[in-house]
Protein chains: 2
Amino acid sequence: MDIAIASLPVIDFWFEFGSNYSYLSVMRIEQEAEKARVRVRWQPFLLGPVFQSFGWTTSPFVLQKAKGEYVWRDMERLCLKYDLPWKKPGNFPRSAILPLRVAVLGAEEPWMAEYCRRMMQINFAQDREIDNAALVTEVLVAMKLPAADILKQALSDENKLKLRRQTETAMTKGIFGAPSFFVGDEMFWGNDRLDDALLFCRAQSG
Amino acid sequence: MDIAIASLPVIDFWFEFGSNYSYLSVMRIEQEAEKARVRVRWQPFLLGPVFQSFGWTTSPFVLQKAKGEYVWRDMERLCLKYDLPWKKPGNFPRSAILPLRVAVLGAEEPWMAEYCRRMMQINFAQDREIDNAALVTEVLVAMKLPAADILKQALSDENKLKLRRQTETAMTKGIFGAPSFFVGDEMFWGNDRLDDALLFCRAQSG
């Protein structure tokens, strides 16, 4: 990592490819963090086990009908506001274990941000399934990355364990939804708090 | 009502005195609506029956421990951001039936906005109970209003029914939390959407 970047204050960005509000933050965070002169540490995790720990079998947007209906209209409006493409997913929440395994592997790589944006757009702008090797290969190849190598590493026991550990860490930190941002121990929940979190991060660093 | 005000586009503001995020919007809305040249229609309602309709016995911030803990830190930060006083309520969510009955009665009165701000500050800045005649009288007297008259009208069968009807209307409209804003049929949920709702309202009116 570039020394100038390594010295910037850090925001931890906890997200899930299946989470619609994570989509908004994945698309926005690199640009906003650059403006705020903050370094993003990508923290992919599985939201399913977090919800299961609350006794939920799926997303609260599915369990709570009134809120669920609202959320899709909210997403439409927010995508318009942020100038992002949007197509209501025909299947929600989408499983994303393999894409997240690749994200855990690539978290520190220069291709991480673009990889995440592409994965999110396939889910929330193209309405396609993302949790299969063919799709992940398609994305990696389009980015001119060694897809077979990356998939092999992503599927190693060590890397699978890494994603489980990420999810356990998320729960230990009190994360209850995605996206969530941390500046040190300070948690900010939801895309609506991205700007506040970046301001807080910048202010903390003096 | 002043003709100039009557001709402004309207935002419906659904709120509850027991709701902490409603506190933020009650304190902010008059000033923000004036800037946006939008008229606020105050729509007090009872949040309890809405939560009960989801099978919940109390606020989700109480039922969901991790989210509940976060919410108080979020409130601290937001009150700092909006320059509002804040004291974590020792009792949450506070019952507010009598204050809401007075609010239903006063919804179109010139004293409504200030009455609501005072009630909210007693709950969320002074940490005192609000659902009793002594407290409501104290607030009305401090505003130089005919407290005894207002309380008597607030406790009439007709006015009690009016609050029940408000709450039923809220559920019919798909409201699942407070505050909620409506511009026509367009719902915006949460203090985080107040600015977007006002912009939408202004844009709709041309």
# chains A, B, ... in the order shown; residues from 1 in each chain; ligands from 1
>>> interface_residues(of="chain B", to="chain A", cutoff="10 Å", atoms="only C-alpha atoms", output="PyMOL selection string")
chain B and resi 54+63-67+69-71+73-74+77-78+81+171+173-177+186-189+192-193+196+200
>>> residues_around(residues="Glu32 in chain A", least_positions_apart="4", cutoff="10 Å", atoms="only C-alpha atoms", output="PyMOL selection string")
chain A and resi 25+27-28+36-38+194-195+198
>>> write_last_selection(atoms="N, CA, C and O atoms", output="PDB file, in the first residue's frame")
ATOM      1  N   SER A  25     -24.002   1.873  -0.526  1.00  0.00           N
ATOM      2  CA  SER A  25     -22.715   2.270   0.058  1.00  0.00           C
ATOM      3  C   SER A  25     -21.525   1.726  -0.734  1.00  0.00           C
ATOM      4  O   SER A  25     -20.510   2.411  -0.874  1.00  0.00           O
ATOM      5  N   MET A  27     -21.415   1.336  -3.865  1.00  0.00           N
ATOM      6  CA  MET A  27     -21.273   2.180  -5.050  1.00  0.00           C
ATOM      7  C   MET A  27     -20.685   3.560  -4.718  1.00  0.00           C
ATOM      8  O   MET A  27     -20.026   4.174  -5.536  1.00  0.00           O
ATOM      9  N   ARG A  28     -20.946   4.040  -3.496  1.00  0.00           N
ATOM     10  CA  ARG A  28     -20.583   5.419  -3.154  1.00  0.00           C
ATOM     11  C   ARG A  28     -19.275   5.560  -2.381  1.00  0.00           C
ATOM     12  O   ARG A  28     -18.647   6.615  -2.393  1.00  0.00           O
ATOM     13  N   ALA A  36     -13.138  12.691   1.581  1.00  0.00           N
ATOM     14  CA  ALA A  36     -12.946  12.921   3.012  1.00  0.00           C
ATOM     15  C   ALA A  36     -11.508  12.600   3.439  1.00  0.00           C
ATOM     16  O   ALA A  36     -11.153  12.788   4.600  1.00  0.00           O
ATOM     17  N   ARG A  37     -10.695  12.128   2.517  1.00  0.00           N
ATOM     18  CA  ARG A  37      -9.327  11.669   2.801  1.00  0.00           C
ATOM     19  C   ARG A  37      -9.322  10.647   3.939  1.00  0.00           C
ATOM     20  O   ARG A  37      -8.690  10.841   4.977  1.00  0.00           O
ATOM     21  N   VAL A  38     -10.043   9.575   3.675  1.00  0.00           N
ATOM     22  CA  VAL A  38     -10.181   8.479   4.625  1.00  0.00           C
ATOM     23  C   VAL A  38      -9.902   7.184   3.863  1.00  0.00           C
ATOM     24  O   VAL A  38     -10.240   7.061   2.687  1.00  0.00           O
ATOM     25  N   LEU A 194     -23.324   6.971   6.202  1.00  0.00           N
ATOM     26  CA  LEU A 194     -21.989   6.962   5.598  1.00  0.00           C
ATOM     27  C   LEU A 194     -21.318   8.331   5.706  1.00  0.00           C
ATOM     28  O   LEU A 194     -20.155   8.431   6.111  1.00  0.00           O
ATOM     29  N   ASP A 195     -22.037   9.385   5.376  1.00  0.00           N
ATOM     30  CA  ASP A 195     -21.435  10.722   5.414  1.00  0.00           C
ATOM     31  C   ASP A 195     -21.024  11.116   6.828  1.00  0.00           C
ATOM     32  O   ASP A 195     -19.926  11.626   7.044  1.00  0.00           O
ATOM     33  N   LEU A 198     -17.891   9.220   7.852  1.00  0.00           N
ATOM     34  CA  LEU A 198     -16.669   9.761   7.238  1.00  0.00           C
ATOM     35  C   LEU A 198     -16.251  11.069   7.912  1.00  0.00           C
ATOM     36  O   LEU A 198     -15.063  11.289   8.186  1.00  0.00           O
TER      37      LEU A 198
END
>>> calpha_fit_and_write(fixed="chain B", moving="chain A", output="JSON list (two decimals) with C-alpha atoms, in the first residue's frame")
[["chain", "number", "residue", "atom", "x", "y", "z"],
["A", 1, "MET", "CA", -55.20, 29.99, 8.07],
["A", 2, "ASP", "CA", -53.35, 32.62, 6.13],
["A", 3, "ILE", "CA", -54.12, 32.33, 2.36],
["A", 4, "ALA", "CA", -50.41, 32.38, 1.48],
["A", 5, "ILE", "CA", -49.82, 29.41, 3.81],
["A", 6, "ALA", "CA", -52.96, 27.56, 2.70],
["A", 7, "SER", "CA", -51.68, 27.60, -0.90],
["A", 8, "LEU", "CA", -48.34, 25.93, -0.07],
["A", 9, "PRO", "CA", -47.76, 22.26, -0.91],
["A", 10, "VAL", "CA", -48.52, 20.01, 2.06],
["A", 11, "ILE", "CA", -46.45, 17.44, 3.91],
["A", 12, "ASP", "CA", -48.20, 15.15, 6.38],
["A", 13, "PHE", "CA", -46.07, 14.55, 9.46],
["A", 14, "TRP", "CA", -46.97, 11.38, 11.39],
["A", 15, "PHE", "CA", -45.34, 11.28, 14.80],
["A", 16, "GLU", "CA", -45.55, 9.98, 18.38],
["A", 17, "PHE", "CA", -44.30, 11.69, 21.55],
["A", 18, "GLY", "CA", -42.84, 8.37, 22.75],
["A", 19, "SER", "CA", -40.67, 7.97, 19.64],
["A", 20, "ASN", "CA", -37.08, 9.18, 19.90],
["A", 21, "TYR", "CA", -36.59, 9.70, 16.17],
["A", 22, "SER", "CA", -39.87, 11.66, 16.13],
["A", 23, "TYR", "CA", -38.22, 13.97, 18.67],
["A", 24, "LEU", "CA", -35.60, 14.97, 16.09],
["A", 25, "SER", "CA", -38.21, 15.71, 13.43],
["A", 26, "VAL", "CA", -40.57, 17.56, 15.77],
["A", 27, "MET", "CA", -37.71, 19.86, 16.70],
["A", 28, "ARG", "CA", -36.60, 20.41, 13.09],
["A", 29, "ILE", "CA", -39.67, 20.32, 10.87],
["A", 30, "GLU", "CA", -41.15, 23.80, 11.27],
["A", 31, "GLN", "CA", -37.89, 25.53, 10.34],
["A", 32, "GLU", "CA", -37.03, 23.12, 7.50],
["A", 33, "ALA", "CA", -40.55, 23.28, 6.05],
["A", 34, "GLU", "CA", -40.44, 27.07, 6.10],
["A", 35, "LYS", "CA", -37.15, 27.02, 4.18],
["A", 36, "ALA", "CA", -38.67, 24.58, 1.65],
["A", 37, "ARG", "CA", -41.91, 26.63, 1.50],
["A", 38, "VAL", "CA", -44.00, 23.65, 2.47],
["A", 39, "ARG", "CA", -46.96, 23.51, 4.88],
["A", 40, "VAL", "CA", -46.82, 20.92, 7.67],
["A", 41, "ARG", "CA", -49.98, 19.01, 8.55],
["A", 42, "TRP", "CA", -49.42, 17.54, 12.03],
["A", 43, "GLN", "CA", -50.66, 13.95, 12.29],
["A", 44, "PRO", "CA", -50.22, 12.64, 15.84],
["A", 45, "PHE", "CA", -50.93, 8.91, 16.29],
["A", 46, "LEU", "CA", -50.34, 6.05, 18.71],
["A", 47, "LEU", "CA", -47.38, 3.88, 17.73],
["A", 48, "GLY", "CA", -48.22, 1.13, 20.26],
["A", 49, "PRO", "CA", -51.15, -0.38, 18.31],
["A", 50, "VAL", "CA", -49.04, -0.37, 15.13],
["A", 51, "PHE", "CA", -46.31, -2.37, 16.87],
["A", 52, "GLN", "CA", -48.95, -4.66, 18.41],
["A", 53, "SER", "CA", -50.30, -5.36, 14.91],
["A", 54, "PHE", "CA", -46.83, -6.82, 14.13],
["A", 55, "GLY", "CA", -47.03, -8.99, 17.24],
["A", 56, "TRP", "CA", -44.60, -6.79, 19.18],
["A", 57, "THR", "CA", -45.22, -5.95, 22.82],
["A", 58, "THR", "CA", -43.02, -2.83, 22.83],
["A", 59, "SER", "CA", -40.57, -0.81, 20.73],
["A", 60, "PRO", "CA", -38.21, -2.78, 18.44],
["A", 61, "PHE", "CA", -35.39, -0.86, 20.15],
["A", 62, "VAL", "CA", -36.30, -2.70, 23.35],
["A", 63, "LEU", "CA", -37.00, -6.06, 21.68],
["A", 64, "GLN", "CA", -33.76, -6.02, 19.68],
["A", 65, "LYS", "CA", -30.97, -5.54, 22.18],
["A", 66, "ALA", "CA", -28.10, -4.83, 19.75],
["A", 67, "LYS", "CA", -30.10, -2.27, 17.80],
["A", 68, "GLY", "CA", -31.43, -0.74, 21.02],
["A", 69, "GLU", "CA", -27.93, -0.08, 22.37],
["A", 70, "TYR", "CA", -26.90, 1.46, 19.06],
["A", 71, "VAL", "CA", -29.94, 3.73, 18.92],
["A", 72, "TRP", "CA", -28.97, 5.64, 22.07],
["A", 73, "ARG", "CA", -25.49, 6.35, 20.75],
["A", 74, "ASP", "CA", -27.01, 7.35, 17.40],
["A", 75, "MET", "CA", -29.36, 9.75, 19.20],
["A", 76, "GLU", "CA", -26.47, 11.33, 21.12],
["A", 77, "ARG", "CA", -24.58, 11.95, 17.90],
["A", 78, "LEU", "CA", -27.63, 13.24, 16.00],
["A", 79, "CYS", "CA", -28.60, 15.64, 18.80],
["A", 80, "LEU", "CA", -25.06, 16.99, 18.72],
["A", 81, "LYS", "CA", -25.31, 17.37, 14.92],
["A", 82, "TYR", "CA", -28.68, 19.18, 15.08],
["A", 83, "ASP", "CA", -27.69, 21.13, 18.21],
["A", 84, "LEU", "CA", -30.54, 19.70, 20.29],
["A", 85, "PRO", "CA", -30.50, 18.92, 24.02],
["A", 86, "TRP", "CA", -30.50, 15.20, 24.83],
["A", 87, "LYS", "CA", -30.87, 13.01, 27.89],
["A", 88, "LYS", "CA", -31.39, 9.29, 27.45],
["A", 89, "PRO", "CA", -34.89, 8.55, 28.76],
["A", 90, "GLY", "CA", -34.86, 6.44, 31.91],
["A", 91, "ASN", "CA", -38.17, 4.96, 30.78],
["A", 92, "PHE", "CA", -38.64, 4.01, 27.11],
["A", 93, "PRO", "CA", -40.90, 4.08, 25.23],
["A", 94, "ARG", "CA", -42.87, 6.55, 27.33],
["A", 95, "SER", "CA", -46.65, 6.43, 27.26],
["A", 96, "ALA", "CA", -48.07, 9.63, 25.74],
["A", 97, "ILE", "CA", -51.81, 9.11, 25.35],
["A", 98, "LEU", "CA", -52.94, 12.33, 27.03],
["A", 99, "PRO", "CA", -50.29, 14.50, 25.29],
["A", 100, "LEU", "CA", -51.33, 12.93, 21.97],
["A", 101, "ARG", "CA", -55.02, 13.59, 22.68],
["A", 102, "VAL", "CA", -54.16, 17.25, 23.20],
["A", 103, "ALA", "CA", -52.09, 17.15, 19.98],
["A", 104, "VAL", "CA", -55.04, 15.74, 18.01],
["A", 105, "LEU", "CA", -57.17, 18.57, 19.37],
["A", 106, "GLY", "CA", -54.57, 21.23, 18.60],
["A", 107, "ALA", "CA", -53.31, 19.90, 15.25],
["A", 108, "GLU", "CA", -54.57, 22.96, 13.33],
["A", 109, "GLU", "CA", -53.93, 25.48, 16.09],
["A", 110, "PRO", "CA", -51.15, 28.07, 15.94],
["A", 111, "TRP", "CA", -49.70, 26.67, 19.20],
["A", 112, "MET", "CA", -49.28, 23.09, 17.87],
["A", 113, "ALA", "CA", -45.61, 23.20, 16.82],
["A", 114, "GLU", "CA", -44.43, 24.77, 20.07],
["A", 115, "TYR", "CA", -46.60, 22.45, 22.15],
["A", 116, "CYS", "CA", -45.04, 19.43, 20.43],
["A", 117, "ARG", "CA", -41.51, 20.71, 20.86],
["A", 118, "ARG", "CA", -42.08, 21.32, 24.57],
["A", 119, "MET", "CA", -43.58, 17.87, 25.07],
["A", 120, "MET", "CA", -40.69, 16.21, 23.25],
["A", 121, "GLN", "CA", -38.06, 18.09, 25.23],
["A", 122, "ILE", "CA", -39.66, 17.05, 28.51],
["A", 123, "ASN", "CA", -39.39, 13.40, 27.39],
["A", 124, "PHE", "CA", -36.00, 13.45, 25.66],
["A", 125, "ALA", "CA", -34.09, 16.35, 27.23],
["A", 126, "GLN", "CA", -35.52, 16.41, 30.77],
["A", 127, "ASP", "CA", -36.26, 12.68, 31.10],
["A", 128, "ARG", "CA", -39.64, 13.24, 32.77],
["A", 129, "GLU", "CA", -42.93, 11.36, 32.39],
["A", 130, "ILE", "CA", -45.40, 13.12, 30.09],
["A", 131, "ASP", "CA", -48.59, 11.06, 30.27],
["A", 132, "ASN", "CA", -50.35, 12.81, 33.14],
["A", 133, "ALA", "CA", -52.68, 15.78, 33.55],
["A", 134, "ALA", "CA", -50.30, 17.67, 35.85],
["A", 135, "LEU", "CA", -47.51, 17.69, 33.28],
["A", 136, "VAL", "CA", -49.77, 18.54, 30.35],
["A", 137, "THR", "CA", -51.30, 21.37, 32.40],
["A", 138, "GLU", "CA", -47.82, 22.65, 33.26],
["A", 139, "VAL", "CA", -46.93, 22.81, 29.56],
["A", 140, "LEU", "CA", -50.17, 24.49, 28.48],
["A", 141, "VAL", "CA", -49.99, 27.04, 31.32],
["A", 142, "ALA", "CA", -46.37, 27.85, 30.43],
["A", 143, "MET", "CA", -47.65, 28.59, 26.91],
["A", 144, "LYS", "CA", -50.41, 30.83, 28.39],
["A", 145, "LEU", "CA", -53.12, 28.57, 27.00],
["A", 146, "PRO", "CA", -56.46, 27.75, 28.75],
["A", 147, "ALA", "CA", -55.22, 24.43, 30.15],
["A", 148, "ALA", "CA", -58.43, 23.31, 31.90],
["A", 149, "ASP", "CA", -60.56, 23.94, 28.79],
["A", 150, "ILE", "CA", -58.11, 22.19, 26.51],
["A", 151, "LEU", "CA", -57.82, 19.16, 28.80],
["A", 152, "LYS", "CA", -61.58, 18.88, 29.06],
["A", 153, "GLN", "CA", -61.96, 18.92, 25.27],
["A", 154, "ALA", "CA", -59.03, 16.53, 24.84],
["A", 155, "LEU", "CA", -60.77, 14.04, 27.12],
["A", 156, "SER", "CA", -64.14, 14.21, 25.33],
["A", 157, "ASP", "CA", -65.35, 10.99, 23.72],
["A", 158, "GLU", "CA", -65.27, 12.65, 20.32],
["A", 159, "ASN", "CA", -61.63, 13.62, 20.68],
["A", 160, "LYS", "CA", -60.59, 10.23, 22.09],
["A", 161, "LEU", "CA", -62.21, 8.64, 19.04],
["A", 162, "LYS", "CA", -60.29, 11.05, 16.81],
["A", 163, "LEU", "CA", -56.96, 9.75, 18.12],
["A", 164, "ARG", "CA", -58.09, 6.14, 17.62],
["A", 165, "ARG", "CA", -59.10, 7.03, 14.05],
["A", 166, "GLN", "CA", -55.73, 8.68, 13.44],
["A", 167, "THR", "CA", -54.01, 5.47, 14.50],
["A", 168, "GLU", "CA", -56.27, 3.35, 12.29],
["A", 169, "THR", "CA", -55.56, 5.67, 9.36],
["A", 170, "ALA", "CA", -51.82, 5.35, 10.00],
["A", 171, "MET", "CA", -52.10, 1.56, 9.77],
["A", 172, "THR", "CA", -54.25, 1.75, 6.62],
["A", 173, "LYS", "CA", -51.60, 3.95, 5.02],
["A", 174, "GLY", "CA", -48.93, 1.31, 5.70],
["A", 175, "ILE", "CA", -47.13, 3.29, 8.40],
["A", 176, "PHE", "CA", -44.83, 0.95, 10.35],
["A", 177, "GLY", "CA", -42.79, 3.42, 12.40],
["A", 178, "ALA", "CA", -42.39, 7.05, 13.37],
["A", 179, "PRO", "CA", -41.74, 9.62, 12.21],
["A", 180, "SER", "CA", -43.27, 9.07, 8.77],
["A", 181, "PHE", "CA", -43.91, 11.74, 6.17],
["A", 182, "PHE", "CA", -46.41, 11.68, 3.33],
["A", 183, "VAL", "CA", -46.50, 13.80, 0.21],
["A", 184, "GLY", "CA", -49.78, 12.62, -1.28],
["A", 185, "ASP", "CA", -49.46, 8.83, -1.26],
["A", 186, "GLU", "CA", -45.66, 8.90, -1.22],
["A", 187, "MET", "CA", -44.32, 7.69, 2.13],
["A", 188, "PHE", "CA", -40.96, 8.63, 3.63],
["A", 189, "TRP", "CA", -39.94, 6.87, 6.82],
["A", 190, "GLY", "CA", -37.68, 8.24, 9.51],
["A", 191, "ASN", "CA", -36.08, 11.51, 10.47],
["A", 192, "ASP", "CA", -33.33, 10.64, 7.97],
["A", 193, "ARG", "CA", -35.86, 11.20, 5.15],
["A", 194, "LEU", "CA", -37.25, 14.56, 6.29],
["A", 195, "ASP", "CA", -35.07, 16.54, 3.88],
["A", 196, "ASP", "CA", -35.83, 14.22, 0.94],
["A", 197, "ALA", "CA", -39.55, 14.38, 1.72],
["A", 198, "LEU", "CA", -39.51, 18.18, 1.75],
["A", 199, "LEU", "CA", -37.58, 18.29, -1.53],
["A", 200, "PHE", "CA", -40.04, 15.83, -3.06],
["A", 201, "CYS", "CA", -42.97, 17.92, -1.82],
["A", 202, "ARG", "CA", -41.52, 21.09, -3.28],
["A", 203, "ALA", "CA", -40.68, 19.37, -6.61],
["A", 204, "GLN", "CA", -44.21, 17.91, -6.92],
["A", 205, "SER", "CA", -45.77, 21.32, -6.58],
["A", 206, "GLY", "CA", -43.72, 22.69, -9.48]]
>>> select_by_dssp(residues="range 32-163 of chain A", states="helix (DSSP H, G or I)", output="JSON, numbers by chain")
{"A": [32, 33, 34, 35, 36, 47, 48, 49, 50, 51, 52, 53, 60, 61, 62, 63, 65, 66, 67, 68, 69, 70, 71, 72, 73, 74, 75, 76, 77, 78, 79, 80, 81, 82, 97, 98, 99, 100, 101, 102, 103, 104, 105, 106, 112, 113, 114, 115, 116, 117, 118, 119, 120, 121, 122, 123, 124, 133, 134, 135, 136, 137, 138, 139, 140, 141, 142, 147, 148, 149, 150, 151, 152, 153, 154, 157, 158, 159, 160, 161, 162, 163]}
>>> select_by_dssp(residues="chain A", states="strand (DSSP E)", output="list in words")
Val10, Ile11, Asp12, Phe13, Trp14, Phe15, Arg39, Val40, Arg41, Trp42, Gln43, Pro44, Ser180, Phe181, Phe182, Val183, Glu186, Met187, Phe188 and Trp189 of chain A
